[in-house]
Amino acid sequence: MSEQSALQIRNVSKVFELGGGKSVQAVQDISFEVEQNSICVLLGPSGCGKSTVLRMMAGLETPSDGDIVIGGRTVDGPGQDRGMVFQAYTSFDWMSVRKNVEFGMKINGVPAAARAERAERFINLVGLGKFADVYPSQLSGGMRQRVAIARTLANDPEVLLMDEPFGALDAETRWLMQELMVNVAEQTNTTMVIVTHDLEEAIFLADKIVFLSSHPGRLKEEIKPAFKKGERIADKEKVVKLDGYGDLEAHLMRLMREEGRGTS
Amino acid sequence: MERGFGSDVLISISRVLGAFAMACAVAVPLGVMMGAFPSVEAIFAPFVSAWRYLPAPSFIPILLMWFGTGEAPKLALLFIGVIFFLITLIMDHTKNVRQELVETALTLGASRATVVMKVVFPAVLPDIVVAMRQMLAMAWTYLVIAEIVASTTGIGAMMMRARRFLKTDEILSGIIVIGVLGLLFDLLFAMLHRWAFPYLRKN
Ligand SMILES: Nc1ncnc2c1ncn2[C@@H]1O[C@H](COP(=O)(O)OP(=O)(O)OP(=O)(O)O)[C@@H](O)[C@H]1O
Ligand SMILES: [Mg+2]
């Protein structure tokens, strides 16, 4: 293994205390690594702990056991080095798109000129150049999600964490966004961890798929989509037509079905 | 008795605005802090909740005893009549700020203090202005009570004087003036809301 890992998840477990002496084990003894500049997709049936794992990476939850290491440091609370994009709408409504994208840089003390330049670059990257000075409330759902992505990327995180970022979007916008993410990964060399339960999305985006089994969430399988031959292809049509795509999709479906059973 | 109607109106307006401004100056920061930090809420909540159930006018005798007959007891009545509701409203609105916004800011590298100042506060501000608008109406109610019971000046006192001389027309005009003023301030708040929060406009 010549690739360096950006993120290491080491024997991580998470138990939520529900009060009244009850507790839920969301995640049990999970270990895997996310290579530098790669796209890692967390896949698994609903309730298997994908969000929990991602939130622990972000520092928004603390592992009950084990630890998460980024660039040699153990994660201890949220920080600028791990940007997060949520499924829900998170634009700061009182700021223009531009101000939204500048927000992270501003609180981290990036000088105004550098801030403006970087904001411009990332607003253009996500294709919102014409909308830089409007309020988020004037944008569609897909455009707002692009604002959130630009805002996170402009803050220059080492790792971009995304929790079902396109879950609320219609099918067309969804695959446009997926293609956008592949392009962004190529252009910015950002390491990404993306949670989804959409098999197509997982196969299209992933350099590696980490499949979690449910109740409690355990690592079921790590899959590298070998049919892509280590290439990133930002064209969904092409990927779907590649030899091996169907086999992988069938394999993931089988895993989903096995794991989904009994959890409704 | 020679003093004009106009000066009574001005006195009433200045009492409402003065007391209301003081109440807001305390309630806004305290309400936001209580909504943002459970530890702050734990300290102040029992006190604030208890006060809300005490009718403010029941304090008139003691306020008169402590503060004499000047402006202080009237301002104090308005202040205590409004502030505890205002704190509670602002605290509840602050708690309703979506957690995702807070977490987004944290993952962008914001400190807790920055999150409260730059995200939570601007996010609740429109609701704070709405709460103020609602409570200002209540402040007018307490003003009239204070002026009827314990004042020689202001619209309420003017109406009590008129009653002694059976001047029904003056009493009625007092009521109308209070109504018009209430409406006017409500309108001003609505305009402030529109002007300050253009991003909430549906176009
Ligand atoms: N804050 C919390 N308190 C208590 N239990 C929680 C909490 N967060 C998650 N859980 C539990 O942990 C388990 C995993 O939840 P999680 O949200 O990580 O799943 P998920 O894989 O993201 O599901 P989905 O695909 O539906 O989003 C679930 O059983 C859930 O009820
Ligand atoms: Mg989830």
# chains A, B, ... in the order shown; residues from 1 in each chain; ligands from 1
$ residues_around --residues "Leu161 in chain A" --least-positions-apart "2" --cutoff "9 Å" --atoms "only C-alpha atoms" --output "ChimeraX atom specification"
/A:54-55,57-58,82-86,159,163,191-195
$ interface_residues --of "chain B" --to "chain A" --cutoff "12 Å" --atoms "only C-alpha atoms" --output "VMD selection string"
chain B and resid 97 to 115 117 to 126 196 to 203
$ write_last_selection --atoms "N, CA and C atoms" --output "short mmCIF file (atom, residue, chain, number, x, y, z; two decimals), in the first residue's frame"
data_model
loop_
_atom_site.label_atom_id
_atom_site.label_comp_id
_atom_site.auth_asym_id
_atom_site.auth_seq_id
_atom_site.Cartn_x
_atom_site.Cartn_y
_atom_site.Cartn_z
N VAL B 97 -33.36 27.49 16.79
CA VAL B 97 -32.40 27.65 15.69
C VAL B 97 -31.90 26.26 15.33
N ARG B 98 -31.94 25.94 14.04
CA ARG B 98 -31.65 24.57 13.64
C ARG B 98 -30.23 24.14 14.00
N GLN B 99 -30.15 22.95 14.59
CA GLN B 99 -28.88 22.41 15.05
C GLN B 99 -27.88 22.30 13.90
N GLU B 100 -28.37 22.01 12.69
CA GLU B 100 -27.47 21.89 11.53
C GLU B 100 -26.70 23.18 11.27
N LEU B 101 -27.34 24.32 11.54
CA LEU B 101 -26.65 25.59 11.31
C LEU B 101 -25.49 25.72 12.29
N VAL B 102 -25.75 25.36 13.54
CA VAL B 102 -24.72 25.42 14.57
C VAL B 102 -23.58 24.46 14.21
N GLU B 103 -23.96 23.25 13.82
CA GLU B 103 -22.93 22.24 13.53
C GLU B 103 -22.13 22.61 12.27
N THR B 104 -22.81 23.22 11.31
CA THR B 104 -22.09 23.68 10.12
C THR B 104 -21.01 24.68 10.53
N ALA B 105 -21.39 25.64 11.36
CA ALA B 105 -20.42 26.65 11.79
C ALA B 105 -19.27 26.01 12.57
N LEU B 106 -19.60 25.04 13.43
CA LEU B 106 -18.55 24.38 14.21
C LEU B 106 -17.56 23.66 13.29
N THR B 107 -18.10 22.99 12.26
CA THR B 107 -17.20 22.26 11.36
C THR B 107 -16.47 23.20 10.40
N LEU B 108 -16.88 24.47 10.36
CA LEU B 108 -16.10 25.45 9.60
C LEU B 108 -15.00 26.04 10.48
N GLY B 109 -14.98 25.62 11.74
CA GLY B 109 -13.91 26.06 12.63
C GLY B 109 -14.32 27.15 13.62
N ALA B 110 -15.61 27.39 13.76
CA ALA B 110 -16.06 28.45 14.67
C ALA B 110 -15.99 27.99 16.13
N SER B 111 -15.65 28.94 17.01
CA SER B 111 -15.69 28.65 18.45
C SER B 111 -17.15 28.79 18.91
N ARG B 112 -17.42 28.32 20.12
CA ARG B 112 -18.79 28.44 20.67
C ARG B 112 -19.26 29.89 20.65
N ALA B 113 -18.38 30.80 21.06
CA ALA B 113 -18.75 32.21 21.12
C ALA B 113 -19.06 32.73 19.72
N THR B 114 -18.24 32.37 18.74
CA THR B 114 -18.48 32.80 17.37
C THR B 114 -19.80 32.26 16.86
N VAL B 115 -20.08 31.00 17.20
CA VAL B 115 -21.34 30.40 16.75
C VAL B 115 -22.52 31.22 17.27
N MET B 117 -22.57 34.40 18.33
CA MET B 117 -22.59 35.77 17.80
C MET B 117 -22.91 35.83 16.31
N LYS B 118 -22.32 34.93 15.54
CA LYS B 118 -22.38 35.05 14.08
C LYS B 118 -23.43 34.16 13.43
N VAL B 119 -23.92 33.18 14.16
CA VAL B 119 -24.90 32.30 13.54
C VAL B 119 -26.22 32.29 14.33
N VAL B 120 -26.14 31.94 15.60
CA VAL B 120 -27.39 31.83 16.38
C VAL B 120 -28.10 33.19 16.47
N PHE B 121 -27.37 34.22 16.80
CA PHE B 121 -28.01 35.53 16.96
C PHE B 121 -28.63 36.05 15.66
N PRO B 122 -27.87 36.10 14.55
CA PRO B 122 -28.52 36.54 13.32
C PRO B 122 -29.68 35.64 12.89
N ALA B 123 -29.58 34.35 13.22
CA ALA B 123 -30.66 33.44 12.82
C ALA B 123 -31.94 33.72 13.60
N VAL B 124 -31.85 34.09 14.88
CA VAL B 124 -33.08 34.35 15.65
C VAL B 124 -33.54 35.79 15.57
N LEU B 125 -32.70 36.68 15.07
CA LEU B 125 -33.03 38.10 15.12
C LEU B 125 -34.42 38.44 14.56
N PRO B 126 -34.81 37.87 13.41
CA PRO B 126 -36.17 38.18 12.93
C PRO B 126 -37.25 37.79 13.94
N ALA B 196 -35.18 45.41 7.72
CA ALA B 196 -33.97 44.79 8.27
C ALA B 196 -33.74 43.38 7.74
N PHE B 197 -34.80 42.72 7.30
CA PHE B 197 -34.65 41.32 6.88
C PHE B 197 -35.15 41.11 5.45
N PRO B 198 -34.49 41.76 4.51
CA PRO B 198 -34.96 41.67 3.11
C PRO B 198 -34.95 40.22 2.60
N TYR B 199 -34.09 39.39 3.19
CA TYR B 199 -33.97 38.02 2.70
C TYR B 199 -35.19 37.16 3.04
N LEU B 200 -36.06 37.66 3.91
CA LEU B 200 -37.25 36.89 4.25
C LEU B 200 -38.42 37.19 3.32
N ARG B 201 -38.23 38.20 2.48
CA ARG B 201 -39.32 38.58 1.57
C ARG B 201 -39.59 37.51 0.55
N LYS B 202 -40.85 37.23 0.39
CA LYS B 202 -41.25 36.29 -0.68
C LYS B 202 -41.49 37.12 -1.93
N ASN B 203 -40.75 36.80 -2.98
CA ASN B 203 -41.00 37.61 -4.18
C ASN B 203 -41.66 36.82 -5.29
#
$ residues_around --residues "range 111-123 of chain A" --least-positions-apart "4" --cutoff "7 Å" --atoms "only C-alpha atoms" --output "PDB file with C-alpha atoms, in the first residue's frame"
ATOM      1  CA  ARG A  98     -20.834  35.131  -1.562  1.00  0.00           C
ATOM      2  CA  VAL A 101     -18.967  31.017   0.975  1.00  0.00           C
ATOM      3  CA  GLU A 102     -16.648  33.502   2.694  1.00  0.00           C
ATOM      4  CA  MET A 105     -12.526  31.929   5.854  1.00  0.00           C
ATOM      5  CA  GLY A 127     -21.498  26.876 -11.276  1.00  0.00           C
ATOM      6  CA  LEU A 128     -23.132  29.664  -9.269  1.00  0.00           C
ATOM      7  CA  GLY A 129     -21.176  32.581 -10.747  1.00  0.00           C
ATOM      8  CA  ALA A 132     -23.045  35.197  -6.100  1.00  0.00           C
ATOM      9  CA  ALA A 150     -18.590  25.735  -2.095  1.00  0.00           C
ATOM     10  CA  ALA A 154     -13.471  27.350   0.201  1.00  0.00           C
TER      11      ALA A 154
END
$ closest_atom_pairs --of "chain A" --to "ligand 1" --cutoff "7 Å" --atoms "only C-alpha atoms and all ligand atoms" --output "JSON lines"
{"residue": "A:Phe16", "atom": "CA", "partner": "ligand 1", "partner_atom_place_in_ligand_line": "4 (C)", "distance": 4.9}
{"residue": "A:Glu17", "atom": "CA", "partner": "ligand 1", "partner_atom_place_in_ligand_line": "4 (C)", "distance": 6.6}
{"residue": "A:Leu18", "atom": "CA", "partner": "ligand 1", "partner_atom_place_in_ligand_line": "4 (C)", "distance": 6.0}
{"residue": "A:Val24", "atom": "CA", "partner": "ligand 1", "partner_atom_place_in_ligand_line": "5 (N)", "distance": 6.1}
{"residue": "A:Gln25", "atom": "CA", "partner": "ligand 1", "partner_atom_place_in_ligand_line": "12 (O)", "distance": 6.7}
{"residue": "A:Ala26", "atom": "CA", "partner": "ligand 1", "partner_atom_place_in_ligand_line": "12 (O)", "distance": 4.0}
{"residue": "A:Gly44", "atom": "CA", "partner": "ligand 1", "partner_atom_place_in_ligand_line": "21 (O)", "distance": 6.5}
{"residue": "A:Pro45", "atom": "CA", "partner": "ligand 1", "partner_atom_place_in_ligand_line": "25 (O)", "distance": 6.0}
{"residue": "A:Ser46", "atom": "CA", "partner": "ligand 1", "partner_atom_place_in_ligand_line": "25 (O)", "distance": 3.5}
{"residue": "A:Gly47", "atom": "CA", "partner": "ligand 1", "partner_atom_place_in_ligand_line": "23 (O)", "distance": 3.5}
{"residue": "A:Cys48", "atom": "CA", "partner": "ligand 1", "partner_atom_place_in_ligand_line": "21 (O)", "distance": 4.0}
{"residue": "A:Gly49", "atom": "CA", "partner": "ligand 1", "partner_atom_place_in_ligand_line": "18 (O)", "distance": 3.1}
{"residue": "A:Lys50", "atom": "CA", "partner": "ligand 1", "partner_atom_place_in_ligand_line": "21 (O)", "distance": 3.7}
{"residue": "A:Ser51", "atom": "CA", "partner": "ligand 1", "partner_atom_place_in_ligand_line": "22 (O)", "distance": 3.6}
{"residue": "A:Thr52", "atom": "CA", "partner": "ligand 1", "partner_atom_place_in_ligand_line": "18 (O)", "distance": 3.7}
{"residue": "A:Val53", "atom": "CA", "partner": "ligand 1", "partner_atom_place_in_ligand_line": "18 (O)", "distance": 6.5}
{"residue": "A:His197", "atom": "CA", "partner": "ligand 1", "partner_atom_place_in_ligand_line": "25 (O)", "distance": 6.2}
{"residue": "A:His215", "atom": "CA", "partner": "ligand 1", "partner_atom_place_in_ligand_line": "29 (O)", "distance": 6.9}
$ residues_around --residues "Ser13 in chain A" --least-positions-apart "5" --cutoff "6 Å" --atoms "only C-alpha atoms" --output "JSON list (two decimals) with C-alpha atoms, in the first residue's frame"
[["chain", "number", "residue", "atom", "x", "y", "z"],
["A", 27, "VAL", "CA", -21.59, 1.28, 15.85],
["A", 28, "GLN", "CA", -19.42, -1.62, 16.95],
["A", 29, "ASP", "CA", -15.69, -1.96, 16.54],
["A", 63, "PRO", "CA", -16.61, 7.61, 20.06],
["A", 64, "SER", "CA", -17.44, 5.51, 23.11],
["A", 65, "ASP", "CA", -14.42, 3.44, 22.30]]
$ select_by_dssp --residues "range 42-118 of chain A" --states "alpha helix (DSSP H)" --output "PyMOL selection string"
chain A and resi 50-58+97-107+112-118
$ residues_around --residues "range 236-239 of chain A" --least-positions-apart "6" --cutoff "9 Å" --atoms "only C-alpha atoms" --output "PyMOL selection string"
chain A and resi 175-176+178-179+203-204+228+245
$ residues_around --residues "Asn183 in chain A" --least-positions-apart "2" --cutoff "12 Å" --atoms "only C-alpha atoms" --output "JSON, numbers by chain"
{"A": [39, 125, 126, 127, 176, 177, 178, 179, 180, 181, 185, 186, 187, 188, 189, 190, 205, 232, 233, 234, 235, 236]}
$ write_last_selection --atoms "N, CA, C and O atoms" --output "PDB file, in the first residue's frame"
ATOM      1  N   ILE A  39     -12.033   9.272  -2.722  1.00  0.00           N
ATOM      2  CA  ILE A  39     -13.431   9.399  -2.342  1.00  0.00           C
ATOM      3  C   ILE A  39     -13.855   8.076  -1.720  1.00  0.00           C
ATOM      4  O   ILE A  39     -13.813   7.041  -2.376  1.00  0.00           O
ATOM      5  N   LEU A 125     -16.687  27.336  -9.443  1.00  0.00           N
ATOM      6  CA  LEU A 125     -16.471  25.894  -9.549  1.00  0.00           C
ATOM      7  C   LEU A 125     -17.791  25.125  -9.456  1.00  0.00           C
ATOM      8  O   LEU A 125     -18.000  24.139 -10.168  1.00  0.00           O
ATOM      9  N   VAL A 126     -18.682  25.581  -8.572  1.00  0.00           N
ATOM     10  CA  VAL A 126     -19.965  24.878  -8.440  1.00  0.00           C
ATOM     11  C   VAL A 126     -21.034  25.475  -9.365  1.00  0.00           C
ATOM     12  O   VAL A 126     -22.208  25.145  -9.272  1.00  0.00           O
ATOM     13  N   GLY A 127     -20.592  26.372 -10.243  1.00  0.00           N
ATOM     14  CA  GLY A 127     -21.498  26.876 -11.276  1.00  0.00           C
ATOM     15  C   GLY A 127     -22.524  27.886 -10.802  1.00  0.00           C
ATOM     16  O   GLY A 127     -23.629  27.955 -11.317  1.00  0.00           O
ATOM     17  N   LEU A 176     -26.191  15.390 -11.783  1.00  0.00           N
ATOM     18  CA  LEU A 176     -25.321  16.527 -12.126  1.00  0.00           C
ATOM     19  C   LEU A 176     -24.388  16.841 -10.962  1.00  0.00           C
ATOM     20  O   LEU A 176     -23.197  17.113 -11.138  1.00  0.00           O
ATOM     21  N   MET A 177     -24.938  16.766  -9.747  1.00  0.00           N
ATOM     22  CA  MET A 177     -24.145  17.043  -8.555  1.00  0.00           C
ATOM     23  C   MET A 177     -23.079  15.965  -8.347  1.00  0.00           C
ATOM     24  O   MET A 177     -21.952  16.253  -7.939  1.00  0.00           O
ATOM     25  N   GLN A 178     -23.453  14.737  -8.646  1.00  0.00           N
ATOM     26  CA  GLN A 178     -22.477  13.650  -8.494  1.00  0.00           C
ATOM     27  C   GLN A 178     -21.308  13.859  -9.451  1.00  0.00           C
ATOM     28  O   GLN A 178     -20.143  13.697  -9.078  1.00  0.00           O
ATOM     29  N   GLU A 179     -21.641  14.254 -10.670  1.00  0.00           N
ATOM     30  CA  GLU A 179     -20.562  14.518 -11.637  1.00  0.00           C
ATOM     31  C   GLU A 179     -19.720  15.697 -11.180  1.00  0.00           C
ATOM     32  O   GLU A 179     -18.488  15.680 -11.285  1.00  0.00           O
ATOM     33  N   LEU A 180     -20.413  16.699 -10.634  1.00  0.00           N
ATOM     34  CA  LEU A 180     -19.690  17.855 -10.109  1.00  0.00           C
ATOM     35  C   LEU A 180     -18.687  17.424  -9.029  1.00  0.00           C
ATOM     36  O   LEU A 180     -17.538  17.870  -9.023  1.00  0.00           O
ATOM     37  N   MET A 181     -19.118  16.523  -8.150  1.00  0.00           N
ATOM     38  CA  MET A 181     -18.226  16.106  -7.065  1.00  0.00           C
ATOM     39  C   MET A 181     -16.991  15.384  -7.586  1.00  0.00           C
ATOM     40  O   MET A 181     -15.896  15.557  -7.059  1.00  0.00           O
ATOM     41  N   ALA A 185     -13.284  16.708  -6.921  1.00  0.00           N
ATOM     42  CA  ALA A 185     -12.248  15.858  -6.334  1.00  0.00           C
ATOM     43  C   ALA A 185     -10.981  15.895  -7.179  1.00  0.00           C
ATOM     44  O   ALA A 185      -9.862  15.952  -6.663  1.00  0.00           O
ATOM     45  N   GLU A 186     -11.171  15.877  -8.493  1.00  0.00           N
ATOM     46  CA  GLU A 186     -10.018  15.940  -9.395  1.00  0.00           C
ATOM     47  C   GLU A 186      -9.289  17.272  -9.282  1.00  0.00           C
ATOM     48  O   GLU A 186      -8.070  17.337  -9.287  1.00  0.00           O
ATOM     49  N   GLN A 187     -10.069  18.352  -9.206  1.00  0.00           N
ATOM     50  CA  GLN A 187      -9.465  19.682  -9.251  1.00  0.00           C
ATOM     51  C   GLN A 187      -8.897  20.172  -7.936  1.00  0.00           C
ATOM     52  O   GLN A 187      -8.009  21.007  -7.915  1.00  0.00           O
ATOM     53  N   THR A 188      -9.445  19.720  -6.830  1.00  0.00           N
ATOM     54  CA  THR A 188      -9.019  20.276  -5.537  1.00  0.00           C
ATOM     55  C   THR A 188      -8.218  19.295  -4.700  1.00  0.00           C
ATOM     56  O   THR A 188      -7.674  19.665  -3.661  1.00  0.00           O
ATOM     57  N   ASN A 189      -8.150  18.041  -5.141  1.00  0.00           N
ATOM     58  CA  ASN A 189      -7.426  17.035  -4.359  1.00  0.00           C
ATOM     59  C   ASN A 189      -7.902  16.955  -2.915  1.00  0.00           C
ATOM     60  O   ASN A 189      -7.105  16.795  -2.004  1.00  0.00           O
ATOM     61  N   THR A 190      -9.206  17.114  -2.738  1.00  0.00           N
ATOM     62  CA  THR A 190      -9.751  16.989  -1.387  1.00  0.00           C
ATOM     63  C   THR A 190     -10.128  15.537  -1.133  1.00  0.00           C
ATOM     64  O   THR A 190     -10.698  14.880  -2.003  1.00  0.00           O
ATOM     65  N   LEU A 205     -19.382   7.395  -7.458  1.00  0.00           N
ATOM     66  CA  LEU A 205     -18.462   8.300  -6.762  1.00  0.00           C
ATOM     67  C   LEU A 205     -17.230   7.612  -6.183  1.00  0.00           C
ATOM     68  O   LEU A 205     -16.155   8.192  -6.121  1.00  0.00           O
ATOM     69  N   ARG A 232     -10.973   8.086 -12.523  1.00  0.00           N
ATOM     70  CA  ARG A 232     -12.208   8.782 -12.167  1.00  0.00           C
ATOM     71  C   ARG A 232     -12.858   9.246 -13.451  1.00  0.00           C
ATOM     72  O   ARG A 232     -12.243   9.906 -14.262  1.00  0.00           O
ATOM     73  N   ILE A 233     -14.101   8.890 -13.603  1.00  0.00           N
ATOM     74  CA  ILE A 233     -14.812   9.257 -14.830  1.00  0.00           C
ATOM     75  C   ILE A 233     -16.015  10.102 -14.428  1.00  0.00           C
ATOM     76  O   ILE A 233     -16.926   9.627 -13.763  1.00  0.00           O
ATOM     77  N   ALA A 234     -15.967  11.372 -14.848  1.00  0.00           N
ATOM     78  CA  ALA A 234     -17.015  12.297 -14.414  1.00  0.00           C
ATOM     79  C   ALA A 234     -18.213  12.293 -15.344  1.00  0.00           C
ATOM     80  O   ALA A 234     -18.852  13.311 -15.554  1.00  0.00           O
ATOM     81  N   ASP A 235     -18.518  11.163 -15.915  1.00  0.00           N
ATOM     82  CA  ASP A 235     -19.641  11.070 -16.831  1.00  0.00           C
ATOM     83  C   ASP A 235     -20.431   9.824 -16.480  1.00  0.00           C
ATOM     84  O   ASP A 235     -19.976   8.705 -16.670  1.00  0.00           O
ATOM     85  N   LYS A 236     -21.606  10.048 -15.951  1.00  0.00           N
ATOM     86  CA  LYS A 236     -22.342   8.937 -15.388  1.00  0.00           C
ATOM     87  C   LYS A 236     -22.720   7.884 -16.438  1.00  0.00           C
ATOM     88  O   LYS A 236     -22.652   6.687 -16.182  1.00  0.00           O
TER      89      LYS A 236
END
$ residues_around --residues "Met253 in chain A" --least-positions-apart "6" --cutoff "10 Å" --atoms "only C-alpha atoms" --output "list in words"
Leu199, Asp247 and Glu259 of chain A
$ atom_distance --atom1 "CA of Arg257 in chain A" --atom2 "CA of Gly217 in chain A"
15.3 Å
$ select_by_dssp --residues "range 39-239 of chain A" --states "strand (DSSP E)" --output "PyMOL selection string"
chain A and resi 39-43+65-70+73-74+82-85+159-163+191-196+208-213+218-223
$ closest_residue --among "A:Val75, A:Leu252, A:Met143, A:Met162" --to "ligand 2" --atoms "only C-alpha atoms and all ligand atoms"
A:Met162
